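With mmCIF, C-alpha atoms inside, this is coords.cif:
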data_work
loop_
_atom_site.label_atom_id
_atom_site.label_comp_id
_atom_site.auth_asym_id
_atom_site.auth_seq_id
_atom_site.Cartn_x
_atom_site.Cartn_y
_atom_site.Cartn_z
CA MET A 1051 -5.36 -45.92 -67.16
CA ARG A 1052 -8.66 -44.30 -66.24
CA HIS A 1053 -8.77 -46.16 -62.89
CA LYS A 1054 -5.16 -45.25 -62.09
CA GLY A 1055 -5.85 -41.56 -62.78
CA LEU A 1056 -8.93 -41.61 -60.55
CA GLY A 1057 -6.97 -43.25 -57.76
CA LEU A 1058 -4.21 -40.65 -57.90
CA LEU A 1059 -6.80 -37.88 -57.81
CA LEU A 1060 -8.40 -39.31 -54.64
CA ILE A 1061 -4.99 -39.59 -52.97
CA VAL A 1062 -4.17 -35.95 -53.75
CA ILE A 1063 -7.55 -34.79 -52.37
CA GLY A 1064 -7.00 -36.81 -49.20
CA LEU A 1065 -3.54 -35.37 -48.61
CA ALA A 1066 -4.83 -31.81 -49.10
CA GLY A 1067 -7.60 -32.39 -46.57
CA CYS A 1068 -5.08 -33.57 -43.95
CA ASP A 1069 -2.67 -30.66 -44.39
CA PRO A 1070 -2.16 -29.10 -40.93
CA GLY A 1071 -0.99 -25.89 -42.52
CA GLY A 1072 -4.25 -25.56 -44.39
CA GLY A 1073 -6.36 -25.76 -41.27
CA GLY A 1074 -7.83 -29.19 -42.05
CA GLY A 1075 -7.88 -32.21 -39.76
CA ASP A 1076 -6.86 -32.60 -36.14
CA THR A 1077 -3.31 -31.48 -35.53
CA GLY A 1078 -3.24 -33.07 -32.10
CA GLY A 1079 -2.62 -29.69 -30.44
CA THR A 1080 -4.62 -28.07 -27.66
CA THR A 1081 -6.66 -24.91 -28.00
CA ASP A 1082 -6.81 -22.12 -25.50
CA PRO A 1083 -10.15 -21.53 -23.79
CA PRO A 1084 -12.22 -18.61 -25.04
CA GLY A 1085 -10.99 -15.34 -23.62
CA GLY A 1086 -7.31 -16.06 -23.09
CA GLN A 1087 -4.39 -18.44 -22.75
CA ALA A 1088 -4.87 -21.51 -20.55
CA CYS A 1089 -3.19 -21.65 -17.14
CA GLY A 1090 -3.45 -23.41 -13.78
CA GLY A 1091 -5.01 -26.88 -13.81
CA PHE A 1092 -3.17 -30.07 -12.84
CA LEU A 1093 0.09 -28.76 -14.30
CA GLY A 1094 -0.10 -25.38 -12.55
CA THR A 1095 0.77 -23.63 -15.80
CA GLY A 1096 1.78 -20.02 -15.30
CA CYS A 1097 0.85 -16.94 -17.31
CA PRO A 1098 3.13 -14.72 -19.37
CA GLU A 1099 4.57 -11.68 -17.62
CA GLY A 1100 1.99 -8.98 -17.06
CA LEU A 1101 -0.97 -11.40 -16.91
CA GLU A 1102 -2.60 -13.25 -14.02
CA CYS A 1103 -4.43 -16.57 -13.86
CA VAL A 1104 -8.14 -16.53 -12.95
CA ASP A 1105 -10.70 -19.32 -12.87
CA ASP A 1106 -12.14 -20.13 -16.31
CA PRO A 1107 -15.79 -19.00 -16.12
CA SER A 1108 -16.73 -21.10 -19.17
CA ASP A 1109 -16.23 -24.48 -17.44
CA ASP A 1110 -18.08 -26.25 -14.60
CA CYS A 1111 -15.09 -26.38 -12.24
CA ASP A 1112 -15.31 -23.75 -9.50
CA PRO A 1113 -12.48 -23.63 -6.92
CA GLU A 1114 -14.72 -21.68 -4.54
CA HIS A 1115 -17.20 -24.57 -4.46
CA GLY A 1116 -14.92 -27.56 -3.99
CA GLY A 1117 -13.36 -27.76 -7.44
CA ALA A 1118 -9.76 -29.01 -7.34
CA ASP A 1119 -7.06 -28.19 -9.89
CA CYS A 1120 -9.49 -26.12 -11.94
CA PRO A 1121 -8.05 -24.76 -15.19
CA GLY A 1122 -7.87 -21.02 -15.60
CA VAL A 1123 -7.32 -18.33 -18.20
CA CYS A 1124 -4.71 -15.59 -18.34
CA VAL A 1125 -6.10 -12.08 -18.14
CA GLU A 1126 -4.78 -8.59 -17.57
CA PRO A 1127 -4.86 -7.81 -13.83
CA LYS A 1128 -7.45 -5.35 -12.62
CA PRO A 1129 -6.09 -1.90 -11.78
CA PRO A 1130 -5.36 -1.51 -8.07
CA ALA A 1131 -8.14 -0.10 -5.95
CA PRO A 1132 -7.73 3.56 -4.94
CA ALA A 1133 -6.01 4.05 -1.58
CA CYS A 1134 -7.80 5.66 1.33
CA GLY A 1135 -7.48 6.19 5.08
CA GLY A 1136 -3.98 5.99 6.54
CA PHE A 1137 -2.14 8.90 8.16
CA ALA A 1138 -3.56 11.33 5.62
CA GLY A 1139 -7.14 10.13 6.10
CA LEU A 1140 -7.63 9.97 2.30
CA PRO A 1141 -11.31 9.87 1.32
CA CYS A 1142 -12.79 7.59 -1.35
CA PRO A 1143 -14.45 8.80 -4.55
CA ASP A 1144 -18.23 9.16 -4.48
CA GLY A 1145 -20.00 5.80 -4.45
CA LEU A 1146 -17.11 3.90 -2.83
CA GLU A 1147 -16.32 3.12 0.79
CA CYS A 1148 -12.99 2.64 2.57
CA ILE A 1149 -12.14 -0.78 4.03
CA ASP A 1150 -8.93 -2.06 5.60
CA ASP A 1151 -6.37 -3.19 3.02
CA PRO A 1152 -6.20 -7.00 3.40
CA SER A 1153 -2.84 -7.16 1.61
CA ASP A 1154 -0.86 -5.34 4.33
CA ASP A 1155 0.11 -6.32 7.88
CA CYS A 1156 -1.73 -3.46 9.57
CA ASP A 1157 -5.01 -4.57 11.14
CA PRO A 1158 -7.08 -1.93 12.97
CA LYS A 1159 -8.92 -4.73 14.79
CA ARG A 1160 -5.62 -5.87 16.31
CA GLY A 1161 -4.23 -2.56 17.49
CA GLY A 1162 -3.05 -1.17 14.17
CA ALA A 1163 -3.18 2.62 14.03
CA ASP A 1164 -3.67 4.73 10.90
CA CYS A 1165 -3.87 1.61 8.72
CA GLY A 1166 -4.11 2.23 5.02
CA GLY A 1167 -7.30 1.17 3.25
CA ILE A 1168 -8.68 0.57 -0.21
CA CYS A 1169 -11.83 1.92 -1.82
CA VAL A 1170 -14.45 -0.65 -2.80
CA GLU A 1171 -18.07 -0.63 -3.88
CA PRO A 1172 -20.26 -0.94 -0.79
CA LYS A 1173 -22.04 -4.25 -0.35
CA PRO A 1174 -25.81 -3.96 -0.31
CA GLY A 1175 -27.47 -4.58 3.03
CA PRO A 1176 -29.73 -7.53 3.79
CA ALA A 1177 -32.98 -7.73 1.80
CA CYS A 1178 -36.21 -6.57 3.41
CA GLY A 1179 -39.77 -5.68 2.52
CA GLY A 1180 -41.13 -7.12 -0.73
CA PHE A 1181 -43.97 -9.65 -0.94
CA ALA A 1182 -42.71 -11.45 2.16
CA GLY A 1183 -42.49 -8.24 4.22
CA LEU A 1184 -39.04 -9.20 5.52
CA ASP A 1185 -37.87 -7.28 8.58
CA CYS A 1186 -34.41 -5.79 9.14
CA PRO A 1187 -32.07 -6.75 11.99
CA ASP A 1188 -32.33 -4.65 15.14
CA GLY A 1189 -30.86 -1.20 14.72
CA GLN A 1190 -31.40 -1.05 10.94
CA LEU A 1191 -34.22 0.31 8.83
CA CYS A 1192 -35.64 -0.77 5.47
CA ILE A 1193 -35.35 1.57 2.50
CA ASP A 1194 -36.28 1.05 -1.16
CA ASP A 1195 -33.62 -0.80 -3.15
CA PRO A 1196 -32.30 1.82 -5.61
CA SER A 1197 -30.76 -0.86 -7.87
CA ASP A 1198 -34.08 -2.36 -9.02
CA GLY A 1199 -36.77 -0.92 -11.27
CA CYS A 1200 -39.49 -0.93 -8.62
CA ASP A 1201 -40.23 2.47 -7.07
CA PRO A 1202 -42.96 2.66 -4.42
CA GLU A 1203 -43.22 6.40 -4.99
CA HIS A 1204 -44.14 5.83 -8.65
CA GLY A 1205 -46.73 3.07 -8.43
CA GLY A 1206 -44.48 0.15 -7.53
CA ALA A 1207 -46.19 -2.40 -5.27
CA ASP A 1208 -44.42 -4.77 -2.86
CA CYS A 1209 -41.01 -3.39 -3.86
CA GLY A 1210 -38.01 -5.08 -2.31
CA GLY A 1211 -35.81 -3.06 0.00
CA ILE A 1212 -32.41 -3.17 1.65
CA CYS A 1213 -31.49 -2.74 5.29
CA VAL A 1214 -29.25 0.20 6.18
CA ALA A 1215 -27.98 1.78 9.35
CA PRO A 1216 -30.16 4.79 10.13
CA GLU A 1217 -28.67 8.25 10.16
CA PRO A 1218 -27.93 9.26 13.76
CA VAL A 1219 -30.47 11.61 15.33
CA PRO A 1220 -28.73 14.77 16.60
CA CYS A 1221 -29.31 16.03 20.11
CA GLY A 1222 -27.83 18.36 22.70
CA GLY A 1223 -25.76 21.26 21.45
CA ILE A 1224 -26.56 24.92 21.98
CA THR A 1225 -30.29 24.26 21.66
CA ALA A 1226 -30.17 21.28 24.07
CA ARG A 1227 -32.25 19.27 21.59
CA PRO A 1228 -33.84 16.26 23.32
CA CYS A 1229 -33.89 12.70 21.98
CA PRO A 1230 -37.05 10.81 21.01
CA GLU A 1231 -38.58 8.64 23.71
CA GLY A 1232 -36.55 5.52 24.44
CA LEU A 1233 -33.26 7.08 23.32
CA VAL A 1234 -30.57 8.92 25.26
CA CYS A 1235 -28.15 11.61 24.15
CA ILE A 1236 -24.41 10.82 24.13
CA ASP A 1237 -21.45 12.84 22.90
CA ASP A 1238 -21.00 12.59 19.12
CA PRO A 1239 -17.72 10.66 18.62
CA GLY A 1240 -17.52 11.97 15.06
CA ASP A 1241 -16.86 15.60 16.00
CA ASP A 1242 -13.93 17.38 17.65
CA CYS A 1243 -15.94 18.75 20.57
CA ASP A 1244 -15.27 17.10 23.93
CA PRO A 1245 -17.83 17.92 26.66
CA ALA A 1246 -15.08 17.41 29.25
CA ILE A 1247 -13.36 20.54 27.97
CA GLY A 1248 -15.92 22.07 25.62
CA ALA A 1249 -19.35 23.52 26.17
CA ASP A 1250 -22.59 22.85 24.31
CA CYS A 1251 -21.16 19.91 22.33
CA GLY A 1252 -23.57 18.26 19.94
CA GLY A 1253 -24.57 14.65 20.55
CA ILE A 1254 -26.37 11.73 18.96
CA CYS A 1255 -29.29 9.68 20.21
CA VAL A 1256 -28.78 6.01 20.98
CA LYS A 1257 -30.79 3.24 22.64
CA ARG A 1258 -30.58 3.06 26.41
#
Written form, structure tokens:
Amino acid sequence: MRHKGLGLLLIVIGLAGCDPGGGGGDTGGTTDPPGGQACGGFLGTGCPEGLECVDDPSDDCDPEHGGADCPGVCVEPKPPAPACGGFAGLPCPDGLECIDDPSDDCDPKRGGADCGGICVEPKPGPACGGFAGLDCPDGQLCIDDPSDGCDPEHGGADCGGICVAPEPVPCGGITARPCPEGLVCIDDPGDDCDPAIGADCGGICVKR
């Protein structure tokens, strides 16, 4: 009787350990990746309404680097970028720049007029300076990179920089300001003064 009782006890313990409802054992189901419900992949699984499928950053499959049928995760879509440009010439908030909206059919490079834009964070220019003393492309100048912790004005040595378009040098106008040597003065296209009908219009200096 003692052996029969011990056997029954082992059977009961084994059944309890395999109870799917109790969280024990492998239920044979699949688990969602960390961060959200699975989507995409071979099956092209969609997301619930209100969510969008993005590449799963926790795996080694990257669709932008040759990965095919990469699985994804469902996330809440990012809020739309602020609108800018267009007929109203809407400006962007401080720290953002206006680019053409790639989701519409209006392309200013193909004759589109008053195309609407979206505000995005400006991309940093090419790297320059630093230990290697990298130069900027023609027409750009190297300034200290404000996003790093190295400040040449506060003891930083060999600080890296970024290349930016220099601010235009003003010329002409009422004072007939001349340009530095090697530059010529042209009408400033950014103002409303036209030298063909206006007098003493301000200009900007450009290379010959």
Rows by chain and residue number, segment 1124-1194 of chain A within 12 Å of segment 1091-1105 of chain A, shortest pair, only C-alpha atoms, as a Markdown table:
| residue | atom | partner | partner_atom | distance |
| --- | --- | --- | --- | --- |
| A:Cys1124 | CA | A:Cys1103 | CA | 4.6 |
| A:Val1125 | CA | A:Leu1101 | CA | 5.3 |
| A:Glu1126 | CA | A:Leu1101 | CA | 4.8 |
| A:Pro1127 | CA | A:Glu1102 | CA | 5.9 |
| A:Lys1128 | CA | A:Glu1102 | CA | 9.4 |
| A:Pro1129 | CA | A:Leu1101 | CA | 11.9 |
For the residues in the current selection, export C-alpha atoms as a tab-separated table (two decimals), keeping the file's coordinate frame.
chain	number	residue	atom	x	y	z
A	1124	CYS	CA	-4.71	-15.59	-18.34
A	1125	VAL	CA	-6.10	-12.08	-18.14
A	1126	GLU	CA	-4.78	-8.59	-17.57
A	1127	PRO	CA	-4.86	-7.81	-13.83
A	1128	LYS	CA	-7.45	-5.35	-12.62
A	1129	PRO	CA	-6.09	-1.90	-11.78
Open item on the list: Between atom CA of Gly1122 of chain A and atom CA of Ser1153 of chain A, what distance in Å does the model show, to one decimal?
Closed with: 22.7 Å
Task: 10 Å contact set for segment 1168-1178 of chain A, all atoms listed in the file, chain neighbours under 5 positions out, as JSON, numbers by chain - done: {"A": [1130, 1131, 1132, 1133, 1134, 1135, 1136, 1140, 1141, 1142, 1143, 1144, 1145, 1146, 1147, 1148, 1149, 1150, 1151, 1152, 1153, 1183, 1184, 1185, 1186, 1187, 1190, 1191, 1192, 1193, 1194, 1195, 1197, 1209, 1210, 1211, 1212, 1213, 1214, 1215]}
Open item on the list: One decimal, in Å: what's the spacing between atom CA of Asp1164 of chain A and atom CA of Cys1251 of chain A?
Closed with: 25.8 Å
Task: Separation of atom CA of Arg1227 of chain A from atom CA of Asp1242 of chain A, in Å and rounded to one decimal - done: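 Atom-to-atom, atom CA of Arg1227 of chain A and atom CA of Asp1242 of chain A are spaced 18.8 Å apart.
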Open item on the list: Report as a ChimeraX atom specification all protein, DNA and RNA residues lying within 12 Å of Glu1231 of chain A, evaluated on only C-alpha atoms, omitting residues in the same chain fewer than 3 positions from it.
Closed with: /A:1228,1234-1235,1255-1258
Open item on the list: List the spatial neighbours of Gly1223 of chain A as a ChimeraX atom specification - criterion: any atom at most 10 Å away, only C-alpha atoms, same-chain residues fewer than 3 positions off excluded.
Closed with: /A:1220,1226-1228,1237,1249-1254
- [ ] Go through A:Gly1116, A:Pro1196, A:Pro1158, A:Gly1167 one by one, measure the shortest atom-to-atom distance of each to Ala1138 of chain A using all atoms listed in the file, and give the residue with the smallest value.
- [x]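 Under the stated criterion, the closest residue is A:Gly1167.
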Task: Distance criterion (all atoms listed in the file): nearest to Gly1139 of chain A out of A:Cys1165, A:Cys1156, A:Cys1120, A:Leu1233 - done: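 Ranking A:Cys1165, A:Cys1156, A:Cys1120, A:Leu1233 by distance to Gly1139 of chain A, first place goes to A:Cys1165.
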